>>> print(open('my_file_8.pdb').read())   # PDB, C-alpha atoms, pLDDT in the B column
ATOM      1  CA  MET N   1      27.833  -9.542  -5.066  1.00 93.00           C
ATOM      2  CA  VAL N   2      25.167  -7.334  -3.488  1.00 95.00           C
ATOM      3  CA  GLU N   3      22.567 -10.049  -4.077  1.00 95.00           C
ATOM      4  CA  GLU N   4      24.803 -12.575  -2.318  1.00 96.00           C
ATOM      5  CA  CYS N   5      25.257 -10.227   0.638  1.00 96.00           C
ATOM      6  CA  LEU N   6      21.525  -9.558   0.806  1.00 97.00           C
ATOM      7  CA  GLU N   7      20.937 -13.303   0.805  1.00 96.00           C
ATOM      8  CA  GLY N   8      23.426 -13.488   3.692  1.00 95.00           C
ATOM      9  CA  GLY N   9      21.268 -11.073   5.675  1.00 95.00           C
ATOM     10  CA  LEU N  10      22.697  -7.651   4.792  1.00 95.00           C
ATOM     11  CA  ARG N  11      20.306  -5.078   6.178  1.00 94.00           C
ATOM     12  CA  ALA N  12      21.483  -1.899   4.442  1.00 96.00           C
ATOM     13  CA  VAL N  13      23.302  -0.946   1.250  1.00 97.00           C
ATOM     14  CA  GLN N  14      24.865   2.418   0.541  1.00 96.00           C
ATOM     15  CA  LEU N  15      25.650   3.197  -3.081  1.00 97.00           C
ATOM     16  CA  ARG N  16      28.886   5.154  -2.874  1.00 92.00           C
ATOM     17  CA  GLU N  17      29.968   5.959  -6.433  1.00 92.00           C
ATOM     18  CA  LYS N  18      31.288   9.495  -6.247  1.00 86.00           C
ATOM     19  CA  ASP N  19      32.703   9.664  -9.766  1.00 90.00           C
ATOM     20  CA  LEU N  20      29.873   8.251 -11.861  1.00 95.00           C
ATOM     21  CA  PRO N  21      27.976  10.594 -14.169  1.00 96.00           C
ATOM     22  CA  LEU N  22      24.399  11.165 -13.068  1.00 96.00           C
ATOM     23  CA  ARG N  23      22.703   8.863 -15.601  1.00 97.00           C
ATOM     24  CA  ALA N  24      25.172   6.051 -14.923  1.00 98.00           C
ATOM     25  CA  LEU N  25      24.555   6.435 -11.188  1.00 98.00           C
ATOM     26  CA  LEU N  26      20.813   6.271 -11.758  1.00 98.00           C
ATOM     27  CA  ALA N  27      21.234   3.192 -13.965  1.00 98.00           C
ATOM     28  CA  LEU N  28      23.190   1.470 -11.191  1.00 98.00           C
ATOM     29  CA  ALA N  29      20.892   2.614  -8.393  1.00 98.00           C
ATOM     30  CA  THR N  30      17.676   1.365  -9.998  1.00 98.00           C
ATOM     31  CA  PRO N  31      18.382  -2.402  -9.900  1.00 98.00           C
ATOM     32  CA  LEU N  32      20.063  -2.081  -6.496  1.00 98.00           C
ATOM     33  CA  ARG N  33      16.908  -0.455  -5.131  1.00 98.00           C
ATOM     34  CA  ALA N  34      14.845  -3.312  -6.588  1.00 98.00           C
ATOM     35  CA  ALA N  35      17.151  -5.895  -4.985  1.00 98.00           C
ATOM     36  CA  THR N  36      17.077  -4.224  -1.574  1.00 98.00           C
ATOM     37  CA  ARG N  37      13.288  -3.958  -1.717  1.00 98.00           C
ATOM     38  CA  ARG N  38      12.971  -7.676  -2.465  1.00 97.00           C
ATOM     39  CA  ARG N  39      15.102  -8.465   0.599  1.00 96.00           C
ATOM     40  CA  ARG N  40      13.590  -5.730   2.775  1.00 97.00           C
ATOM     41  CA  ALA N  41      16.972  -4.059   3.203  1.00 98.00           C
ATOM     42  CA  SER N  42      17.487  -0.343   3.534  1.00 97.00           C
ATOM     43  CA  PHE N  43      19.015   1.468   0.533  1.00 98.00           C
ATOM     44  CA  HIS N  44      20.962   4.734   0.742  1.00 97.00           C
ATOM     45  CA  ILE N  45      22.609   6.901  -1.890  1.00 97.00           C
ATOM     46  CA  ASN N  46      25.820   8.738  -1.133  1.00 95.00           C
ATOM     47  CA  ASP N  47      25.465  12.513  -1.492  1.00 92.00           C
ATOM     48  CA  ARG N  48      22.845  12.592  -4.305  1.00 95.00           C
ATOM     49  CA  VAL N  49      19.418  13.406  -2.898  1.00 95.00           C
ATOM     50  CA  ASP N  50      18.051  13.685  -6.447  1.00 96.00           C
ATOM     51  CA  VAL N  51      19.003  10.096  -7.253  1.00 97.00           C
ATOM     52  CA  ALA N  52      17.780   8.911  -3.839  1.00 98.00           C
ATOM     53  CA  LEU N  53      14.368  10.427  -4.506  1.00 97.00           C
ATOM     54  CA  ALA N  54      14.286   9.197  -8.117  1.00 98.00           C
ATOM     55  CA  VAL N  55      14.756   5.541  -7.161  1.00 98.00           C
ATOM     56  CA  GLY N  56      12.770   5.623  -3.935  1.00 98.00           C
ATOM     57  CA  ALA N  57      15.791   5.077  -1.699  1.00 98.00           C
ATOM     58  CA  ASP N  58      15.351   4.981   2.047  1.00 98.00           C
ATOM     59  CA  GLY N  59      18.025   7.554   2.678  1.00 97.00           C
ATOM     60  CA  VAL N  60      20.864   9.735   1.585  1.00 97.00           C
ATOM     61  CA  GLN N  61      24.355   9.878   3.064  1.00 95.00           C
ATOM     62  CA  ARG N  62      25.665  13.417   3.345  1.00 93.00           C
ATOM     63  CA  THR N  63      29.386  13.981   2.973  1.00 86.00           C
ATOM     64  CA  HIS N  64      31.187  16.698   4.899  1.00 77.00           C
ATOM     65  CA  ASP N  65      31.126  19.091   1.939  1.00 82.00           C
ATOM     66  CA  SER N  66      27.629  18.473   0.541  1.00 87.00           C
ATOM     67  CA  LEU N  67      24.307  20.085   1.347  1.00 91.00           C
ATOM     68  CA  PRO N  68      23.604  20.628   5.049  1.00 89.00           C
ATOM     69  CA  VAL N  69      21.366  18.127   6.809  1.00 90.00           C
ATOM     70  CA  SER N  70      18.669  20.786   7.185  1.00 88.00           C
ATOM     71  CA  VAL N  71      18.546  21.386   3.414  1.00 92.00           C
ATOM     72  CA  LEU N  72      18.447  17.647   2.669  1.00 93.00           C
ATOM     73  CA  ARG N  73      15.594  17.294   5.159  1.00 91.00           C
ATOM     74  CA  ALA N  74      13.662  20.057   3.369  1.00 93.00           C
ATOM     75  CA  ILE N  75      14.188  18.419  -0.047  1.00 94.00           C
ATOM     76  CA  GLY N  76      13.438  14.854   1.028  1.00 92.00           C
ATOM     77  CA  PRO N  77      11.617  14.886   4.354  1.00 94.00           C
ATOM     78  CA  GLU N  78      10.823  11.168   4.037  1.00 95.00           C
ATOM     79  CA  LEU N  79      14.499  10.200   3.651  1.00 97.00           C
ATOM     80  CA  LEU N  80      16.741   8.989   6.431  1.00 97.00           C
ATOM     81  CA  ILE N  81      19.753  11.268   6.483  1.00 96.00           C
ATOM     82  CA  GLY N  82      23.185  10.085   7.458  1.00 95.00           C
ATOM     83  CA  ALA N  83      26.073  12.472   7.959  1.00 94.00           C
ATOM     84  CA  SER N  84      29.750  11.758   7.475  1.00 91.00           C
ATOM     85  CA  VAL N  85      31.759  13.780   9.973  1.00 88.00           C
ATOM     86  CA  HIS N  86      35.416  14.412  10.697  1.00 81.00           C
ATOM     87  CA  SER N  87      35.331  15.906  14.184  1.00 86.00           C
ATOM     88  CA  VAL N  88      33.318  15.986  17.381  1.00 93.00           C
ATOM     89  CA  GLU N  89      32.051  19.459  16.432  1.00 93.00           C
ATOM     90  CA  GLU N  90      30.864  18.245  13.007  1.00 90.00           C
ATOM     91  CA  ALA N  91      29.068  15.366  14.757  1.00 93.00           C
ATOM     92  CA  ARG N  92      27.359  17.795  17.125  1.00 94.00           C
ATOM     93  CA  THR N  93      26.332  20.027  14.212  1.00 91.00           C
ATOM     94  CA  ALA N  94      24.923  17.088  12.237  1.00 91.00           C
ATOM     95  CA  ALA N  95      22.987  15.888  15.281  1.00 93.00           C
ATOM     96  CA  ARG N  96      21.676  19.405  15.961  1.00 92.00           C
ATOM     97  CA  GLU N  97      20.565  19.705  12.325  1.00 91.00           C
ATOM     98  CA  GLY N  98      18.615  16.466  12.600  1.00 92.00           C
ATOM     99  CA  ALA N  99      20.770  13.730  11.077  1.00 94.00           C
ATOM    100  CA  ASP N 100      19.162  10.352  11.674  1.00 95.00           C
ATOM    101  CA  PHE N 101      22.542   8.662  12.023  1.00 92.00           C
ATOM    102  CA  ILE N 102      26.201   9.559  11.829  1.00 88.00           C
ATOM    103  CA  ILE N 103      28.834   7.690   9.892  1.00 80.00           C
ATOM    104  CA  VAL N 104      31.779   8.521  12.101  1.00 73.00           C
ATOM    105  CA  PHE N 105      34.654  10.552  10.746  1.00 67.00           C
ATOM    106  CA  GLY N 106      36.948   7.512  10.656  1.00 75.00           C
ATOM    107  CA  PRO N 107      38.649   5.641   9.492  1.00 86.00           C
ATOM    108  CA  VAL N 108      38.978   3.983  12.842  1.00 90.00           C
ATOM    109  CA  TRP N 109      41.707   1.763  11.343  1.00 92.00           C
ATOM    110  CA  ASP N 110      43.589   1.979   8.054  1.00 88.00           C
ATOM    111  CA  THR N 111      41.650   1.054   4.931  1.00 84.00           C
ATOM    112  CA  PRO N 112      42.288   1.759   1.234  1.00 81.00           C
ATOM    113  CA  SER N 113      38.966   3.532   0.603  1.00 75.00           C
ATOM    114  CA  LYS N 114      39.592   6.115   3.338  1.00 75.00           C
ATOM    115  CA  ARG N 115      43.306   6.875   2.871  1.00 80.00           C
ATOM    116  CA  PRO N 116      42.609  10.071   0.908  1.00 79.00           C
ATOM    117  CA  TYR N 117      40.754  11.459   3.946  1.00 75.00           C
ATOM    118  CA  GLY N 118      43.572  11.194   6.438  1.00 78.00           C
ATOM    119  CA  PRO N 119      45.153   8.776   8.868  1.00 87.00           C
ATOM    120  CA  PRO N 120      43.212   6.351  11.065  1.00 90.00           C
ATOM    121  CA  GLN N 121      41.519   8.085  13.994  1.00 90.00           C
ATOM    122  CA  GLY N 122      41.416   5.177  16.424  1.00 93.00           C
ATOM    123  CA  LEU N 123      38.981   3.941  19.022  1.00 95.00           C
ATOM    124  CA  GLU N 124      39.467   6.861  21.411  1.00 96.00           C
ATOM    125  CA  ALA N 125      38.332   9.344  18.753  1.00 94.00           C
ATOM    126  CA  LEU N 126      35.323   7.114  18.061  1.00 95.00           C
ATOM    127  CA  ARG N 127      34.577   7.069  21.796  1.00 96.00           C
ATOM    128  CA  GLN N 128      34.683  10.898  21.886  1.00 96.00           C
ATOM    129  CA  VAL N 129      32.210  11.209  19.012  1.00 95.00           C
ATOM    130  CA  THR N 130      29.774   8.651  20.444  1.00 96.00           C
ATOM    131  CA  ALA N 131      29.915  10.390  23.829  1.00 96.00           C
ATOM    132  CA  ALA N 132      29.236  13.785  22.248  1.00 96.00           C
ATOM    133  CA  VAL N 133      25.949  12.940  20.496  1.00 96.00           C
ATOM    134  CA  ALA N 134      22.804  10.937  21.166  1.00 95.00           C
ATOM    135  CA  THR N 135      22.457  10.227  17.436  1.00 94.00           C
ATOM    136  CA  PRO N 136      23.395   6.647  16.446  1.00 95.00           C
ATOM    137  CA  VAL N 137      27.007   6.410  15.229  1.00 96.00           C
ATOM    138  CA  LEU N 138      28.252   3.815  12.750  1.00 95.00           C
ATOM    139  CA  ALA N 139      31.986   3.105  12.754  1.00 94.00           C
ATOM    140  CA  ILE N 140      33.852   2.869   9.445  1.00 92.00           C
ATOM    141  CA  GLY N 141      37.359   2.215   8.264  1.00 91.00           C
ATOM    142  CA  GLY N 142      39.244  -1.033   8.577  1.00 93.00           C
ATOM    143  CA  ILE N 143      36.340  -2.748  10.301  1.00 95.00           C
ATOM    144  CA  THR N 144      36.521  -6.527  10.455  1.00 96.00           C
ATOM    145  CA  ALA N 145      34.183  -8.936  12.192  1.00 96.00           C
ATOM    146  CA  ALA N 146      36.887  -9.411  14.839  1.00 96.00           C
ATOM    147  CA  ARG N 147      36.948  -5.650  15.526  1.00 97.00           C
ATOM    148  CA  VAL N 148      33.191  -5.222  15.904  1.00 97.00           C
ATOM    149  CA  ARG N 149      33.299  -5.840  19.662  1.00 96.00           C
ATOM    150  CA  ASP N 150      35.838  -2.995  20.071  1.00 97.00           C
ATOM    151  CA  VAL N 151      33.762  -0.422  18.147  1.00 96.00           C
ATOM    152  CA  LEU N 152      30.604  -1.410  20.007  1.00 96.00           C
ATOM    153  CA  ALA N 153      32.479  -0.996  23.299  1.00 97.00           C
ATOM    154  CA  ALA N 154      33.496   2.482  22.110  1.00 96.00           C
ATOM    155  CA  GLY N 155      29.816   3.369  21.741  1.00 96.00           C
ATOM    156  CA  ALA N 156      29.107   2.713  18.068  1.00 96.00           C
ATOM    157  CA  THR N 157      25.678   1.284  17.299  1.00 95.00           C
ATOM    158  CA  GLY N 158      26.807  -0.412  14.108  1.00 95.00           C
ATOM    159  CA  VAL N 159      29.416  -0.558  11.366  1.00 95.00           C
ATOM    160  CA  GLY N 160      29.879   0.368   7.737  1.00 93.00           C
ATOM    161  CA  VAL N 161      32.042  -2.020   5.741  1.00 93.00           C
ATOM    162  CA  ILE N 162      33.484  -2.131   2.237  1.00 90.00           C
ATOM    163  CA  SER N 163      36.706  -4.117   1.841  1.00 91.00           C
ATOM    164  CA  ALA N 164      36.080  -6.822   4.460  1.00 94.00           C
ATOM    165  CA  ILE N 165      33.053  -7.935   2.454  1.00 95.00           C
ATOM    166  CA  LEU N 166      34.044  -7.037  -1.115  1.00 91.00           C
ATOM    167  CA  ALA N 167      37.422  -8.761  -0.792  1.00 93.00           C
ATOM    168  CA  ALA N 168      35.960 -11.879   0.798  1.00 96.00           C
ATOM    169  CA  ALA N 169      35.907 -15.098  -1.204  1.00 96.00           C
ATOM    170  CA  ARG N 170      32.314 -15.569  -0.050  1.00 96.00           C
ATOM    171  CA  PRO N 171      30.696 -12.155   0.559  1.00 97.00           C
ATOM    172  CA  GLY N 172      27.472 -13.689   1.888  1.00 96.00           C
ATOM    173  CA  GLU N 173      29.387 -15.591   4.557  1.00 96.00           C
ATOM    174  CA  ALA N 174      31.388 -12.452   5.411  1.00 97.00           C
ATOM    175  CA  THR N 175      28.095 -10.603   5.816  1.00 97.00           C
ATOM    176  CA  ARG N 176      26.808 -13.284   8.187  1.00 97.00           C
ATOM    177  CA  ALA N 177      30.035 -13.064  10.213  1.00 97.00           C
ATOM    178  CA  PHE N 178      29.448  -9.338  10.731  1.00 97.00           C
ATOM    179  CA  LEU N 179      25.826  -9.899  11.695  1.00 96.00           C
ATOM    180  CA  ASP N 180      26.929 -12.567  14.193  1.00 96.00           C
ATOM    181  CA  ALA N 181      29.549 -10.201  15.637  1.00 96.00           C
ATOM    182  CA  LEU N 182      26.914  -7.467  15.936  1.00 95.00           C
ATOM    183  CA  GLY N 183      24.510  -9.898  17.599  1.00 92.00           C
ATOM    184  CA  ARG N 184      21.995  -9.351  14.792  1.00 80.00           C
ATOM    185  CA  ALA N 185      22.059 -12.670  12.956  1.00 60.00           C
TER
END
>>> encode(input="my_file_8.pdb", output="structure tokens")
Amino acid sequence: MVEECLEGGLRAVQLREKDLPLRALLALATPLRAATRRRRASFHINDRVDVALAVGADGVQRTHDSLPVSVLRAIGPELLIGASVHSVEEARTAAREGADFIIVFGPVWDTPSKRPYGPPQGLEALRQVTAAVATPVLAIGGITAARVRDVLAAGATGVGVISAILAAARPGEATRAFLDALGRA
């Protein structure tokens, strides 16, 4: 599925497998890194700077309860560091610490993968976060190609998507629809 999305123009992949044992995560990350390199797409590992460095990933995505951005920067100065946040203050802290981008605290809308983290935050909360920091903010949670215009209007510079692509009958076409909506086809 990732190959099909990369063929459709996907520009970044984040490996977000929080429950995999370390060796299984490494075994999954290695071919994904190879695939993203072939397609010149960015590759990020969720929360595991050790795995990111081991496979030569482009970045690491910090969760709200993992190592601080400053510590990640010291361990992997060449990595792009994204920060997941859940409030305007967390966004400001991540930006102050040097996060390269912020995955907003979302979900903006309801989505199965984010239900454990609380109710949807909405566009106004997204607008508050984007207004509070100069760091690029990616919107997550219930994002569809039809909703891209709304999150961009709220100040987001991009989107992070799981279900709208994974549940699509043709993930490559779904990827292209997002790129079209973002004006990045």
>>> resolve_selection(input="my_file_8.pdb", expression="the PyMOL selection byres ((chain N and resi 84-94) around 7)", output="VMD selection string")
chain N and resid 62 to 64 69 82 to 83 95 to 99 102 to 105 128 to 129 132 to 133
>>> resolve_selection(input="my_file_8.pdb", expression="the PyMOL selection byres ((chain N and resi 141) around 10)", output="VMD selection string")
chain N and resid 104 to 115 120 to 122 139 to 140 142 to 144 159 to 164
>>> closest_residue(input="my_file_8.pdb", among="N:Thr157, N:Thr135, N:Thr36, N:Ser42", to="Ala12 of chain N", atoms="all atoms listed in the file")
N:Ser42
>>> closest_residue(input="my_file_8.pdb", among="N:Gly76, N:Gly183, N:Gly172, N:Leu123", to="Ala156 of chain N", atoms="all atoms listed in the file")
N:Leu123
>>> atom_distance(input="my_file_8.pdb", atom1="atom CA of Ala177 of chain N", atom2="atom CA of Asp58 of chain N")
24.7 Å
>>> closest_residue(input="my_file_8.pdb", among="N:Gly8, N:Gly155, N:Val148, N:Phe101", to="Ala125 of chain N", atoms="all atoms listed in the file")
N:Gly155
>>> atom_distance(input="my_file_8.pdb", atom1="atom CA of Pro119 of chain N", atom2="atom CA of Ala145 of chain N")
21.1 Å
>>> resolve_selection(input="my_file_8.pdb", expression="the PyMOL selection byres ((chain N and resi 180) around 12)", output="JSON, numbers by chain")
{"N": [8, 9, 10, 144, 145, 146, 148, 149, 173, 174, 175, 176, 177, 178, 179, 181, 182, 183, 184, 185]}
>>> atom_distance(input="my_file_8.pdb", atom1="atom CA of Arg147 of chain N", atom2="atom CA of Arg33 of chain N")
29.2 Å
>>> closest_residue(input="my_file_8.pdb", among="N:Leu67, N:Pro21, N:Leu32, N:Ala54", to="Val2 of chain N", atoms="only C-alpha atoms")
N:Leu32
>>> residues_around(input="my_file_8.pdb", residues="Leu15 of chain N", least_positions_apart="5", cutoff="10 Å", atoms="all atoms listed in the file", output="MDAnalysis selection string")
chainID N and resid 25 28:29 32:33 43:48 52 60:61
>>> write_last_selection(input="my_file_8.pdb", atoms="C-alpha atoms", output="PDB file, in the frame of the given file")
ATOM      1  CA  LEU N  25      24.555   6.435 -11.188  1.00 98.00           C
ATOM      2  CA  LEU N  28      23.190   1.470 -11.191  1.00 98.00           C
ATOM      3  CA  ALA N  29      20.892   2.614  -8.393  1.00 98.00           C
ATOM      4  CA  LEU N  32      20.063  -2.081  -6.496  1.00 98.00           C
ATOM      5  CA  ARG N  33      16.908  -0.455  -5.131  1.00 98.00           C
ATOM      6  CA  PHE N  43      19.015   1.468   0.533  1.00 98.00           C
ATOM      7  CA  HIS N  44      20.962   4.734   0.742  1.00 97.00           C
ATOM      8  CA  ILE N  45      22.609   6.901  -1.890  1.00 97.00           C
ATOM      9  CA  ASN N  46      25.820   8.738  -1.133  1.00 95.00           C
ATOM     10  CA  ASP N  47      25.465  12.513  -1.492  1.00 92.00           C
ATOM     11  CA  ARG N  48      22.845  12.592  -4.305  1.00 95.00           C
ATOM     12  CA  ALA N  52      17.780   8.911  -3.839  1.00 98.00           C
ATOM     13  CA  VAL N  60      20.864   9.735   1.585  1.00 97.00           C
ATOM     14  CA  GLN N  61      24.355   9.878   3.064  1.00 95.00           C
TER      15      GLN N  61
END
>>> closest_residue(input="my_file_8.pdb", among="N:Ala74, N:Val151, N:Leu80, N:Leu53", to="Leu26 of chain N", atoms="all atoms listed in the file")
N:Leu53
>>> closest_residue(input="my_file_8.pdb", among="N:Arg170, N:Asp100, N:Ala154, N:Leu22", to="Ala134 of chain N", atoms="only C-alpha atoms")
N:Asp100
>>> decode(input="my_file_8.pdb", residues="segment 29-138 of chain N", atoms="C-alpha atoms", output="compact mmCIF listing (two decimals), in the first residue's frame")
# COMPACT_ATOMS: atom_id res chain seq x y z
CA ALA N 29 11.24 0.36 8.98
CA THR N 30 14.10 -0.94 6.83
CA PRO N 31 12.15 -1.72 3.63
CA LEU N 32 9.97 1.37 4.11
CA ARG N 33 13.10 3.51 4.23
CA ALA N 34 14.33 1.85 1.03
CA ALA N 35 10.98 2.51 -0.68
CA THR N 36 10.87 6.15 0.37
CA ARG N 37 14.45 6.67 -0.79
CA ARG N 38 13.63 5.23 -4.22
CA ARG N 39 10.74 7.70 -4.55
CA ARG N 40 12.58 10.60 -2.90
CA ALA N 41 9.97 10.82 -0.15
CA SER N 42 10.70 11.82 3.40
CA PHE N 43 10.58 9.05 6.04
CA HIS N 44 9.88 9.61 9.74
CA ILE N 45 9.70 7.25 12.69
CA ASN N 46 7.23 7.85 15.48
CA ASP N 47 8.93 8.33 18.86
CA ARG N 48 11.97 6.04 18.32
CA VAL N 49 15.07 8.11 17.59
CA ASP N 50 17.19 4.95 17.80
CA VAL N 51 15.27 3.29 14.98
CA ALA N 52 15.23 6.54 12.98
CA LEU N 53 19.01 6.74 13.17
CA ALA N 54 19.46 3.01 12.49
CA VAL N 55 17.57 3.12 9.19
CA GLY N 56 18.70 6.56 8.09
CA ALA N 57 15.26 8.13 8.43
CA ASP N 58 14.80 11.80 7.68
CA GLY N 59 13.10 12.52 10.96
CA VAL N 60 11.50 11.46 14.17
CA GLN N 61 8.03 12.37 15.42
CA ARG N 62 7.98 13.16 19.12
CA THR N 63 4.86 12.33 21.09
CA HIS N 64 3.72 14.46 24.00
CA ASP N 65 5.25 12.10 26.57
CA SER N 66 8.54 11.17 24.87
CA LEU N 67 11.95 12.80 24.99
CA PRO N 68 11.96 16.60 24.74
CA VAL N 69 12.76 18.14 21.37
CA SER N 70 16.05 19.47 22.74
CA VAL N 71 17.20 15.97 23.74
CA LEU N 72 16.17 14.50 20.38
CA ARG N 73 18.11 17.29 18.65
CA ALA N 74 21.21 16.43 20.69
CA ILE N 75 20.93 12.71 19.84
CA GLY N 76 20.15 13.14 16.15
CA PRO N 77 21.09 16.64 15.05
CA GLU N 78 20.61 15.70 11.39
CA LEU N 79 17.01 14.55 11.93
CA LEU N 80 13.93 16.64 11.30
CA ILE N 81 11.95 16.68 14.51
CA GLY N 82 8.20 16.84 14.59
CA ALA N 83 6.27 17.36 17.80
CA SER N 84 2.77 16.16 18.59
CA VAL N 85 1.08 18.67 20.87
CA HIS N 86 -2.20 18.93 22.73
CA SER N 87 -2.39 22.61 23.61
CA VAL N 88 -1.23 26.04 22.50
CA GLU N 89 1.33 26.03 25.33
CA GLU N 90 2.75 22.66 24.23
CA ALA N 91 3.02 24.04 20.68
CA ARG N 92 4.89 27.10 21.95
CA THR N 93 7.23 24.90 24.00
CA ALA N 94 7.95 22.61 21.03
CA ALA N 95 8.64 25.61 18.80
CA ARG N 96 10.89 27.20 21.44
CA GLU N 97 12.81 23.92 21.78
CA GLY N 98 13.42 23.83 18.04
CA ALA N 99 10.85 21.46 16.55
CA ASP N 100 11.03 21.60 12.76
CA PHE N 101 7.29 21.06 12.44
CA ILE N 102 4.30 20.48 14.66
CA ILE N 103 1.68 17.81 14.20
CA VAL N 104 -1.21 19.65 15.77
CA PHE N 105 -2.84 18.31 18.90
CA GLY N 106 -5.96 17.24 16.98
CA PRO N 107 -7.90 15.46 16.06
CA VAL N 108 -9.51 18.31 14.22
CA TRP N 109 -12.43 15.98 13.41
CA ASP N 110 -13.34 12.55 14.75
CA THR N 111 -11.20 9.65 13.59
CA PRO N 112 -10.72 6.12 14.97
CA SER N 113 -6.94 6.39 15.43
CA LYS N 114 -7.23 9.47 17.67
CA ARG N 115 -10.26 8.58 19.82
CA PRO N 116 -8.09 7.45 22.75
CA TYR N 117 -6.60 10.96 22.93
CA GLY N 118 -9.81 12.87 23.41
CA PRO N 119 -12.62 14.48 21.47
CA PRO N 120 -12.17 16.41 18.22
CA GLN N 121 -10.67 19.86 18.79
CA GLY N 122 -12.11 21.63 15.76
CA LEU N 123 -10.89 24.27 13.37
CA GLU N 124 -10.86 27.10 15.91
CA ALA N 125 -8.39 25.22 18.11
CA LEU N 126 -6.25 24.57 15.03
CA ARG N 127 -6.41 28.28 14.21
CA GLN N 128 -5.21 29.14 17.75
CA VAL N 129 -2.22 26.81 17.49
CA THR N 130 -1.18 28.06 14.03
CA ALA N 131 -1.47 31.66 15.23
CA ALA N 132 0.67 30.93 18.30
CA VAL N 133 3.77 29.58 16.52
CA ALA N 134 5.80 30.32 13.41
CA THR N 135 6.70 26.62 13.13
CA PRO N 136 4.84 24.79 10.33
CA VAL N 137 1.73 23.00 11.63
CA LEU N 138 0.25 19.87 10.05
